[in-house]
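Participant: Next comes the structure file target29.cif, holding mmCIF, C-alpha atoms.
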```cif
data_start
loop_
_atom_site.label_atom_id
_atom_site.label_comp_id
_atom_site.auth_asym_id
_atom_site.auth_seq_id
_atom_site.Cartn_x
_atom_site.Cartn_y
_atom_site.Cartn_z
CA MET I 1 13.09 -26.23 -12.84
CA THR I 2 11.20 -29.48 -12.10
CA ALA I 3 12.89 -32.88 -12.38
CA VAL I 4 10.97 -33.65 -15.59
CA THR I 5 11.87 -30.30 -17.15
CA LYS I 6 15.50 -30.72 -16.11
CA ASN I 7 15.59 -34.16 -17.73
CA LYS I 8 14.21 -32.74 -20.99
CA PHE I 9 16.81 -29.97 -20.93
CA ASN I 10 19.65 -32.42 -20.24
CA ALA I 11 18.44 -34.77 -22.98
CA LEU I 12 18.37 -31.94 -25.54
CA GLN I 13 21.79 -30.70 -24.41
CA LEU I 14 23.21 -34.21 -24.83
CA THR I 15 21.67 -34.50 -28.30
CA ILE I 16 23.20 -31.17 -29.34
CA ASN I 17 26.63 -32.20 -28.03
CA LEU I 18 26.48 -35.57 -29.80
CA LEU I 19 25.49 -33.86 -33.05
CA TYR I 20 28.39 -31.45 -32.65
CA TYR I 21 30.90 -34.31 -32.51
CA THR I 22 29.10 -36.11 -35.34
CA VAL I 23 29.40 -33.03 -37.57
CA ILE I 24 33.12 -32.74 -36.77
CA GLN I 25 33.69 -36.43 -37.55
CA LYS I 26 31.72 -36.20 -40.82
CA ILE I 27 33.68 -33.12 -41.89
CA ALA I 28 36.99 -34.89 -41.16
CA ALA I 29 35.86 -37.95 -43.11
CA ASN I 30 34.44 -35.84 -45.96
CA GLU I 31 31.06 -37.54 -45.49
CA LEU I 32 28.60 -34.67 -45.10
CA ASP I 33 25.17 -35.74 -46.31
CA ASP I 34 21.57 -34.53 -46.30
CA SER I 35 20.55 -36.92 -43.50
CA LEU I 36 22.77 -34.96 -41.12
CA GLU I 37 21.04 -31.74 -42.16
CA LYS I 38 17.69 -33.39 -41.43
CA ASP I 39 18.86 -34.43 -37.95
CA ILE I 40 20.04 -30.88 -37.18
CA LEU I 41 16.76 -29.29 -38.27
CA GLU I 42 14.72 -31.82 -36.27
CA VAL I 43 16.57 -30.80 -33.09
CA PHE I 44 15.61 -27.16 -33.67
CA ALA I 45 11.97 -28.29 -33.83
CA ALA I 46 12.43 -30.34 -30.65
CA ILE I 47 13.90 -27.35 -28.81
CA GLU I 48 11.04 -25.11 -29.96
CA SER I 49 8.34 -27.52 -28.77
CA ALA I 50 10.05 -28.54 -25.52
CA ASP I 51 8.29 -27.67 -22.27
CA ILE I 52 11.33 -26.09 -20.61
CA ASP I 53 12.29 -22.73 -19.16
CA GLU I 54 12.44 -20.04 -21.88
CA GLU I 55 15.95 -18.90 -20.94
CA LYS I 56 17.27 -22.47 -21.11
CA LYS I 57 15.56 -22.88 -24.46
CA MET I 58 17.33 -19.78 -25.77
CA PHE I 59 20.75 -21.07 -24.71
CA LEU I 60 20.05 -24.37 -26.47
CA LYS I 61 19.14 -22.53 -29.68
CA VAL I 62 22.41 -20.58 -29.67
CA PHE I 63 24.54 -23.67 -29.06
CA HIS I 64 22.68 -25.71 -31.67
CA ALA I 65 22.91 -22.92 -34.25
CA GLU I 66 26.66 -23.61 -34.13
CA ASN I 67 25.97 -27.15 -35.42
CA LEU I 68 23.91 -25.90 -38.34
CA HIS I 69 26.39 -23.18 -39.25
CA MET I 70 29.37 -25.53 -39.04
CA TYR I 71 27.57 -28.11 -41.20
CA ILE I 72 26.48 -25.77 -43.97
CA SER I 73 29.75 -23.81 -44.04
CA SER I 74 31.68 -27.04 -44.48
CA LYS I 75 29.17 -28.30 -47.04
CA LEU I 76 29.51 -25.09 -49.06
CA LEU I 77 33.30 -25.19 -48.84
CA GLN I 78 33.29 -28.83 -49.96
CA TRP I 79 30.96 -28.11 -52.87
CA THR I 80 32.87 -25.03 -53.99
CA SER I 81 36.16 -26.93 -53.83
CA ARG I 82 34.67 -29.56 -56.11
CA LEU I 83 33.44 -26.83 -58.41
CA ARG I 84 36.98 -25.46 -58.72
CA VAL I 85 38.27 -28.95 -59.53
CA LYS I 86 35.60 -29.34 -62.21
CA GLU I 87 36.51 -25.99 -63.70
CA ALA I 88 40.19 -26.94 -63.71
CA LEU I 89 39.29 -30.19 -65.45
CA LYS I 90 37.09 -28.32 -68.00
CA ILE I 91 33.89 -30.02 -66.81
CA TYR I 92 30.80 -27.89 -67.49
CA VAL I 93 28.68 -26.88 -64.47
CA SER I 94 25.41 -25.19 -65.34
CA GLN I 95 24.48 -21.81 -63.88
CA GLN I 96 21.29 -23.40 -62.57
CA GLU I 97 23.27 -25.96 -60.55
CA ARG I 98 25.50 -23.23 -59.13
CA MET I 99 22.53 -21.05 -58.15
CA GLN I 100 20.63 -23.91 -56.53
CA MET I 101 23.56 -24.74 -54.27
CA PHE I 102 24.23 -21.14 -53.24
CA ILE I 103 20.54 -20.40 -52.66
CA LYS I 104 20.20 -23.48 -50.42
CA SER I 105 23.43 -22.69 -48.57
CA ASN I 106 22.50 -19.06 -47.97
CA ALA I 107 19.06 -20.09 -46.74
CA LEU I 108 20.56 -22.37 -44.09
CA ILE I 109 23.28 -19.88 -43.11
CA ASN I 110 20.60 -17.21 -42.73
CA MET I 111 18.50 -19.61 -40.68
CA ALA I 112 21.37 -20.19 -38.23
CA THR I 113 22.03 -16.44 -38.05
CA MET I 114 18.34 -15.58 -37.52
CA GLN I 115 18.07 -18.13 -34.72
CA VAL I 116 20.90 -16.34 -32.89
CA LEU I 117 19.61 -12.84 -33.71
CA ASN I 118 16.21 -13.73 -32.25
CA VAL I 119 17.86 -15.04 -29.10
CA ARG I 120 19.92 -11.85 -28.87
CA SER I 121 16.73 -9.77 -29.01
CA TYR I 122 15.37 -11.84 -26.12
CA ALA I 123 18.64 -11.39 -24.19
CA LEU I 124 18.57 -7.60 -24.63
CA LYS I 125 14.92 -7.42 -23.62
CA GLU I 126 15.50 -9.53 -20.49
CA LYS I 127 18.86 -7.84 -19.77
CA ASN I 128 20.49 -11.27 -19.72
CA ARG I 129 24.17 -10.41 -20.09
CA SER I 130 25.37 -14.02 -20.30
CA LEU I 131 22.98 -14.84 -23.12
CA GLN I 132 23.86 -11.57 -24.87
CA ALA I 133 27.56 -12.42 -24.70
CA HIS I 134 27.02 -15.89 -26.16
CA THR I 135 24.84 -14.60 -29.01
CA GLU I 136 27.18 -11.76 -29.96
CA TYR I 137 30.18 -14.08 -29.94
CA ALA I 138 28.27 -16.57 -32.09
CA LEU I 139 27.30 -13.88 -34.62
CA ALA I 140 30.88 -12.60 -34.85
CA ARG I 141 32.22 -16.13 -35.25
CA PHE I 142 29.66 -17.05 -37.93
CA PHE I 143 30.72 -13.99 -39.92
CA LEU I 144 34.43 -14.77 -39.47
CA ILE I 145 33.97 -18.36 -40.64
CA LYS I 146 32.01 -17.28 -43.72
CA GLU I 147 34.55 -14.62 -44.67
CA PHE I 148 37.49 -16.95 -44.04
CA ASP I 149 35.83 -19.58 -46.28
CA PHE I 150 35.50 -16.93 -49.00
CA PHE I 151 39.18 -16.09 -48.53
CA LEU I 152 40.27 -19.74 -48.80
CA LEU I 153 38.24 -20.04 -52.00
CA ARG I 154 39.73 -16.77 -53.34
CA PHE I 155 36.22 -15.37 -53.67
CA LYS I 156 35.62 -11.64 -53.17
CA GLU I 157 31.95 -10.91 -52.65
CA ASP I 158 30.69 -7.77 -54.39
CA ASN I 159 28.94 -6.28 -51.36
CA PRO I 160 28.92 -2.53 -50.63
CA GLU I 161 28.03 -3.36 -47.01
CA LYS I 162 31.18 -5.47 -46.54
CA GLU I 163 33.09 -2.99 -44.37
CA LYS I 164 29.99 -2.18 -42.32
CA ASN I 165 29.40 -5.90 -41.69
CA PHE I 166 33.03 -6.42 -40.71
CA LYS I 167 32.89 -3.55 -38.22
CA ARG I 168 29.60 -4.75 -36.71
CA SER I 169 30.95 -8.29 -36.27
CA PHE I 170 34.19 -6.94 -34.81
CA LEU I 171 32.25 -4.90 -32.23
CA PHE I 172 30.09 -7.96 -31.41
CA ALA I 173 33.28 -9.93 -30.64
CA VAL I 174 34.79 -7.10 -28.57
CA ARG I 175 31.60 -6.63 -26.58
CA ALA I 176 31.25 -10.39 -26.03
CA HIS I 177 34.83 -10.44 -24.71
CA ASN I 178 34.07 -7.64 -22.24
CA LEU I 179 30.83 -9.27 -21.08
CA PHE I 180 32.50 -12.65 -20.57
CA LEU I 181 35.20 -10.95 -18.49
CA GLU I 182 32.56 -9.28 -16.31
CA LEU I 183 30.93 -12.68 -15.81
CA GLY I 184 34.24 -14.32 -14.92
CA LEU I 185 34.14 -16.61 -17.95
CA LEU I 186 37.82 -16.32 -18.86
CA LYS I 187 37.91 -19.14 -21.41
CA ASP I 188 34.94 -17.75 -23.33
CA ALA I 189 36.45 -14.25 -23.06
CA ARG I 190 39.67 -15.46 -24.69
CA PHE I 191 37.75 -17.12 -27.54
CA ALA I 192 35.89 -13.86 -28.21
CA LEU I 193 39.17 -11.90 -28.05
CA ILE I 194 40.75 -14.26 -30.59
CA CYS I 195 37.70 -13.83 -32.82
CA SER I 196 38.02 -10.03 -32.73
CA TYR I 197 41.75 -10.24 -33.47
CA ASP I 198 41.24 -12.62 -36.42
CA LEU I 199 38.43 -10.49 -37.84
CA ASN I 200 40.72 -7.47 -37.72
CA ARG I 201 43.57 -9.37 -39.41
CA LEU I 202 41.34 -10.74 -42.17
CA ALA I 203 39.84 -7.32 -42.91
CA LYS I 204 43.28 -5.71 -42.97
CA LEU I 205 45.16 -8.31 -45.01
CA TYR I 206 42.57 -9.43 -47.56
CA HIS I 207 40.31 -6.39 -47.87
CA SER I 208 42.67 -3.53 -46.87
CA MET I 209 40.13 -2.37 -44.29
CA ASP I 210 40.81 -0.82 -40.90
CA ILE I 211 37.92 -1.98 -38.72
CA SER I 212 39.56 -1.30 -35.34
CA THR I 213 38.43 1.69 -33.29
CA GLY I 214 40.44 4.35 -31.49
CA THR I 215 40.39 2.48 -28.17
CA ILE I 216 40.59 -1.03 -29.67
CA SER I 217 43.62 -1.02 -31.95
CA GLU I 218 45.46 -4.09 -33.19
CA GLU I 219 48.18 -3.32 -30.65
CA THR I 220 45.59 -3.31 -27.86
CA LEU I 221 44.21 -6.65 -29.02
CA GLU I 222 47.71 -8.17 -29.03
CA LYS I 223 48.40 -6.85 -25.50
CA ASN I 224 45.07 -8.26 -24.28
CA LEU I 225 45.84 -11.64 -25.86
CA LEU I 226 49.18 -11.75 -24.07
CA ALA I 227 47.59 -10.73 -20.76
CA SER I 228 44.93 -13.43 -21.20
CA GLN I 229 47.59 -16.02 -21.99
CA ILE I 230 49.53 -15.18 -18.82
CA GLU I 231 46.42 -15.02 -16.60
CA MET I 232 45.15 -18.42 -17.82
CA GLY I 233 48.58 -20.05 -17.72
CA ILE I 234 48.56 -20.89 -21.42
CA GLY I 235 51.99 -22.00 -22.60
CA THR I 236 51.87 -20.90 -26.22
CA PRO I 237 50.66 -17.60 -27.70
CA HIS I 238 47.80 -17.37 -30.17
CA VAL I 239 48.93 -17.95 -33.75
CA SER I 240 46.32 -16.65 -36.16
CA LEU I 241 45.21 -18.97 -38.94
CA ILE I 242 44.55 -15.81 -40.93
CA ASP I 243 48.24 -14.89 -41.01
CA LYS I 244 49.31 -18.39 -42.08
CA ALA I 245 46.63 -18.55 -44.79
CA TYR I 246 47.62 -15.11 -46.06
CA GLU I 247 51.27 -16.18 -46.30
CA ASP I 248 50.13 -19.09 -48.49
CA TYR I 249 48.02 -16.68 -50.54
CA VAL I 250 50.99 -14.38 -51.17
CA LYS I 251 53.16 -17.32 -52.23
CA GLU I 252 50.39 -18.49 -54.53
CA GLN I 253 50.47 -15.16 -56.36
CA SER I 254 54.12 -15.50 -57.39
CA ASP I 255 54.92 -16.61 -60.93
CA GLU I 256 57.30 -19.21 -59.60
CA ASN I 257 54.62 -20.94 -57.60
CA GLU I 258 52.22 -20.97 -60.54
CA GLN I 259 54.67 -23.33 -62.23
CA LYS I 260 54.77 -25.66 -59.24
CA PRO I 261 51.61 -27.78 -59.07
CA PHE I 262 51.01 -29.49 -55.71
CA ALA I 263 54.06 -27.75 -54.19
CA GLY I 264 53.84 -27.73 -50.40
CA MET I 265 50.77 -30.00 -50.26
CA THR I 266 50.74 -32.70 -47.60
CA ASP I 267 49.85 -36.33 -48.31
CA GLU I 268 46.48 -35.73 -46.63
CA GLN I 269 45.71 -32.73 -48.86
CA ILE I 270 46.67 -34.68 -51.97
CA GLU I 271 44.44 -37.56 -50.91
CA LYS I 272 41.50 -35.19 -50.43
CA PHE I 273 42.15 -33.66 -53.86
CA ALA I 274 42.30 -37.12 -55.41
CA GLN I 275 39.03 -38.11 -53.74
CA THR I 276 37.38 -35.01 -55.19
CA VAL I 277 38.63 -35.88 -58.71
CA LEU I 278 37.38 -39.45 -58.25
CA GLU I 279 33.92 -38.25 -57.20
CA THR I 280 33.81 -35.55 -59.88
CA TYR I 281 34.41 -38.06 -62.67
CA GLN I 282 32.46 -40.82 -60.85
CA LEU I 283 35.33 -43.26 -61.24
CA PRO I 284 35.77 -46.68 -59.58
CA SER I 285 37.50 -46.52 -56.19
CA ASP I 286 40.46 -48.66 -57.35
CA ARG I 287 41.62 -45.71 -59.51
CA LEU I 288 42.15 -43.44 -56.51
CA ILE I 289 45.73 -44.64 -56.04
CA HIS I 290 46.65 -43.61 -59.61
CA ILE I 291 45.30 -40.08 -59.06
CA ILE I 292 47.23 -39.80 -55.79
CA ASN I 293 50.46 -41.05 -57.35
CA GLU I 294 50.14 -38.62 -60.26
CA ALA I 295 49.75 -35.70 -57.85
CA LYS I 296 52.70 -36.89 -55.75
CA ALA I 297 54.83 -37.11 -58.89
CA TYR I 298 54.08 -33.47 -59.70
CA ARG I 299 54.82 -32.54 -56.08
CA TYR I 300 58.18 -34.33 -56.29
CA PHE I 301 59.19 -32.43 -59.40
CA SER I 302 57.91 -29.13 -57.97
CA THR I 303 60.13 -29.71 -54.94
CA PHE I 304 63.28 -31.21 -56.44
CA GLY I 305 63.09 -30.40 -60.14
CA ASN I 306 64.56 -27.49 -62.08
CA THR I 307 61.19 -25.87 -62.77
CA VAL I 308 62.73 -22.91 -64.55
CA ASP I 309 64.30 -24.88 -67.40
CA TYR I 310 62.02 -27.93 -67.42
CA GLU I 311 58.37 -28.85 -67.00
CA VAL I 312 56.51 -32.11 -66.46
CA LEU I 313 53.71 -33.19 -68.79
CA THR I 314 51.33 -36.09 -68.36
CA ASP I 315 50.78 -38.59 -71.15
CA LEU I 316 47.14 -37.72 -71.86
CA ARG I 317 46.15 -40.86 -73.74
CA HIS I 318 44.35 -42.22 -70.67
CA TYR I 319 42.04 -39.14 -70.85
CA GLN I 320 40.46 -40.44 -74.05
CA SER I 321 37.42 -41.88 -72.26
CA LYS I 322 35.99 -42.52 -68.82
CA ALA I 323 36.84 -46.20 -69.27
CA THR I 324 40.56 -45.43 -69.51
CA LEU I 325 40.75 -42.40 -67.20
CA TYR I 326 43.20 -43.28 -64.41
CA ALA I 327 42.58 -46.98 -65.10
CA SER I 328 46.36 -47.45 -64.99
CA PRO I 329 49.31 -45.51 -63.52
CA SER I 330 50.09 -42.19 -65.22
CA SER I 331 53.12 -41.77 -67.47
CA PHE I 332 55.14 -38.55 -67.53
CA ILE I 333 57.19 -36.64 -70.06
CA ILE I 334 59.77 -33.99 -69.21
CA LYS I 335 60.11 -31.09 -71.64
CA SER I 336 63.01 -28.65 -71.88
CA ASN I 337 61.79 -25.06 -71.94
CA LYS I 338 64.98 -23.99 -73.73
CA THR I 339 65.12 -26.56 -76.55
CA ASP I 340 61.57 -28.04 -76.57
CA LEU I 341 63.24 -31.45 -76.37
CA LYS I 342 61.01 -34.06 -74.75
CA SER I 343 61.85 -37.26 -72.90
CA LEU I 344 60.29 -40.64 -73.55
CA PRO I 345 57.25 -41.41 -71.35
CA SER I 346 57.95 -42.99 -67.95
CA ARG I 347 55.93 -43.84 -64.86
CA ASP I 348 58.90 -43.20 -62.56
CA ILE I 349 59.22 -39.43 -62.24
CA GLU I 350 62.26 -39.59 -59.95
CA LYS I 351 64.28 -41.76 -62.34
CA LEU I 352 63.07 -39.81 -65.38
CA ALA I 353 64.04 -36.42 -63.90
CA ALA I 354 67.47 -37.70 -62.91
CA GLU I 355 68.22 -39.29 -66.29
CA PHE I 356 66.98 -36.21 -68.20
CA GLY I 357 69.13 -33.90 -66.09
CA ALA I 358 66.06 -32.01 -64.89
CA LEU I 359 66.76 -31.97 -61.15
CA LYS I 360 68.01 -28.93 -59.27
CA SER I 361 71.80 -28.71 -59.25
#
```
Show me this structure written as structure tokens.
Facilitator:
Amino acid sequence: MTAVTKNKFNALQLTINLLYYTVIQKIAANELDDSLEKDILEVFAAIESADIDEEKKMFLKVFHAENLHMYISSKLLQWTSRLRVKEALKIYVSQQERMQMFIKSNALINMATMQVLNVRSYALKEKNRSLQAHTEYALARFFLIKEFDFFLLRFKEDNPEKEKNFKRSFLFAVRAHNLFLELGLLKDARFALICSYDLNRLAKLYHSMDISTGTISEETLEKNLLASQIEMGIGTPHVSLIDKAYEDYVKEQSDENEQKPFAGMTDEQIEKFAQTVLETYQLPSDRLIHIINEAKAYRYFSTFGNTVDYEVLTDLRHYQSKATLYASPSSFIIKSNKTDLKSLPSRDIEKLAAEFGALKS
């Protein structure tokens, strides 16, 4: 590689890394926008036209496909979350709007996947085991992220190929793990092993599928994870996000939890919910605090209130128009489920619950 070619490669690699951190920051700040999508697509074009070694170009495509996939997955999750809020608030969303978003999202997800599939074909043709490992890990991870997003949104795709796709992605992750081990890339091998384990857990818990093979059982995966942890000197074992999310899902299904709005939500989660409501209704920013405080009031009662015998209602008069919606702090009413007796409205849920005798004994 000449000095000029090396400089071009390094410049593209730096751009990809900077975009990666930009995408992460934008996701955290809930500020994903179309300009970021444009920047990501322009880098693909720059990689394609760059006068650099073909193998280096292929590695850049795989690593940059991660940026595109992370961006669009987060964008789709953000949009679908807003859709659920709109549905909960009885705001009509046309079928055309829904289809446009999903068509665009699928197109970009497929673009990221095709970029990696094309690189994998090159890797197999050139017998490049390192590139093959990276592409197969990327494909498995893309599939895991998409399926985990569907799980978080409680969406079950009607796809007869679902089990086949799970098994293919699982084998990609297992093979990537083995290839990384052969290449001495222990960190990458552990990531691929975690991916295979999480794919197996998601398929088993949410879809009741057994995608493991005779030689690669869940027990084998757990033993390999432990061996990897010891070999790399990692202090804490892998804790699957799938298991934690499934625990939350099971709790969500209980009748008791259905009567406990905002139960278990952190301040950060409530703030994100409130921001979504604000954007959905296109309200002034000074009303955000009233939405947050209303949600926290419900969380307080869900945590400390006697939710079996009492329920909290919001005084809905501020819903009469957009001009009044959350323009002032919400007032609450506590209703007895046994007698239908209602309290007078109050903005102080803690005092109201105590005075009405609606707290847990």
Participant: Set the distance at 9 Å and use all atoms listed in the file: which residues neighbour segment 220-236 of chain I once local chain neighbours fewer than 2 positions away are removed? I'd like the list as a VMD selection string.
Facilitator: chain I and resid 186 to 187 189 to 190 193 to 194 196 to 197 215 to 218 238 to 239
Participant: Output the residue selection produced by the PyMOL selection byres ((chain I and resi 147) around 12) on the file above, formatted as a ChimeraX atom specification.
Facilitator: /I:73,77,140-146,148-157,162-163,165-166,169,198-203,206-207,242
Participant: List the residues sitting within 12 Å of (64.9, -24.0, -63.4) in the file's frame, using all atoms listed in the file, as a ChimeraX atom specification.
Facilitator: /I:256,259-260,301-311,335-338,357-361
Participant: May I ask for the distance between atom CA of Thr135 of chain I and atom CA of Gly184 of chain I, given in Å to one decimal place?
Facilitator: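 Atom-to-atom, atom CA of Thr135 of chain I to atom CA of Gly184 of chain I, that is 16.9 Å.
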Participant: Can you measure atom CA of Val116 of chain I to atom CA of Val62 of chain I for me? One decimal in Å is fine.
Facilitator: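 Rounded to one decimal, the two atoms are 5.5 Å apart.
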Participant: Once the PyMOL selection byres ((chain I and resi 112) around 9) has been applied to the shown file, what residues remain in the selection, as a count of residues only?
Facilitator: 18
Participant: How many Å separate atom CA of Glu37 of chain I from atom CA of Ile24 of chain I?
Facilitator: 13.3 Å
Participant: Where's the centre, and what are the edge lengths in Å to one decimal, of a box along x, y and z enclosing all listed atoms of segment 349-355 of chain I padded 4 Å per side, as lines of an AutoDock Vina configuration file?
Facilitator:
```
center_x = 63.7
center_y = -39.1
center_z = -63.1
size_x = 17.0
size_y = 13.3
size_z = 14.3
```
Participant: Please determine, counting only C-alpha atoms, which residue among I:Asn17, I:Thr266, I:Gln78, I:Ser328 has the shortest atom-to-atom distance to Asp286 of chain I.
Facilitator: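 Comparing I:Asn17, I:Thr266, I:Gln78, I:Ser328 against Asp286 of chain I, the winner is I:Ser328.
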Participant: Give as a list in words the residues that the PyMOL selection byres ((chain I and resi 54) around 12) matches when applied to the coordinates above.
Facilitator: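 When the PyMOL selection byres ((chain I and resi 54) around 12) is applied, the selected residues are Met1, Thr5, Phe9, Ile47, Glu48, Ser49, Ala50, Asp51, Ile52, Asp53, Glu55, Lys56, Lys57, Met58, Phe59, Leu60, Lys61, Val119, Tyr122, Ala123, Glu126 and Leu131 of chain I.
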Participant: Using only C-alpha atoms for the distances, tell me which of I:Thr213, I:Phe63, I:Ser331, I:Ser343 is nearest to Leu14 of chain I.
Facilitator: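 The shortest atom-to-atom distance to Leu14 of chain I comes from I:Phe63.
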Participant: Which one is closest to His134 of chain I: I:Arg175, I:Lys204, I:Lys167, I:Lys342? Count only C-alpha atoms.
Facilitator: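 Nearest to His134 of chain I: I:Arg175.
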Participant: For Ser330 of chain I, please output as a ChimeraX atom specification all residues within 8 Å (counting only C-alpha atoms; exclusion window: fewer than 2 positions along the same chain).
Facilitator: /I:290,293-294,314-315,318,326,328,332,347
Participant: With C-alpha atoms retained, could you export that selection as a short mmCIF file (atom, residue, chain, number, x, y, z; two decimals), in the frame of the given file?
Facilitator:
```
data_model
loop_
_atom_site.label_atom_id
_atom_site.label_comp_id
_atom_site.auth_asym_id
_atom_site.auth_seq_id
_atom_site.Cartn_x
_atom_site.Cartn_y
_atom_site.Cartn_z
CA HIS I 290 46.65 -43.61 -59.61
CA ASN I 293 50.46 -41.05 -57.35
CA GLU I 294 50.14 -38.62 -60.26
CA THR I 314 51.33 -36.09 -68.36
CA ASP I 315 50.78 -38.59 -71.15
CA HIS I 318 44.35 -42.22 -70.67
CA TYR I 326 43.20 -43.28 -64.41
CA SER I 328 46.36 -47.45 -64.99
CA PHE I 332 55.14 -38.55 -67.53
CA ARG I 347 55.93 -43.84 -64.86
#
```
Participant: Find the residues near Asn30 of chain I: any atom within 10 Å, counting all atoms listed in the file, skip ones fewer than 2 places away on the same chain, and give them as a VMD selection string.
Facilitator: chain I and resid 24 to 28 32 to 33 74 to 75 78 272 275 to 276
Participant: Restrict the selected residues to C-alpha atoms and save them as a CSV table (one decimal), in the coordinates of the input.
Facilitator:
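Written output follows (part11.csv):
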```csv
chain,number,residue,atom,x,y,z
I,24,ILE,CA,33.1,-32.7,-36.8
I,25,GLN,CA,33.7,-36.4,-37.6
I,26,LYS,CA,31.7,-36.2,-40.8
I,27,ILE,CA,33.7,-33.1,-41.9
I,28,ALA,CA,37.0,-34.9,-41.2
I,32,LEU,CA,28.6,-34.7,-45.1
I,33,ASP,CA,25.2,-35.7,-46.3
I,74,SER,CA,31.7,-27.0,-44.5
I,75,LYS,CA,29.2,-28.3,-47.0
I,78,GLN,CA,33.3,-28.8,-50.0
I,272,LYS,CA,41.5,-35.2,-50.4
I,275,GLN,CA,39.0,-38.1,-53.7
I,276,THR,CA,37.4,-35.0,-55.2
```
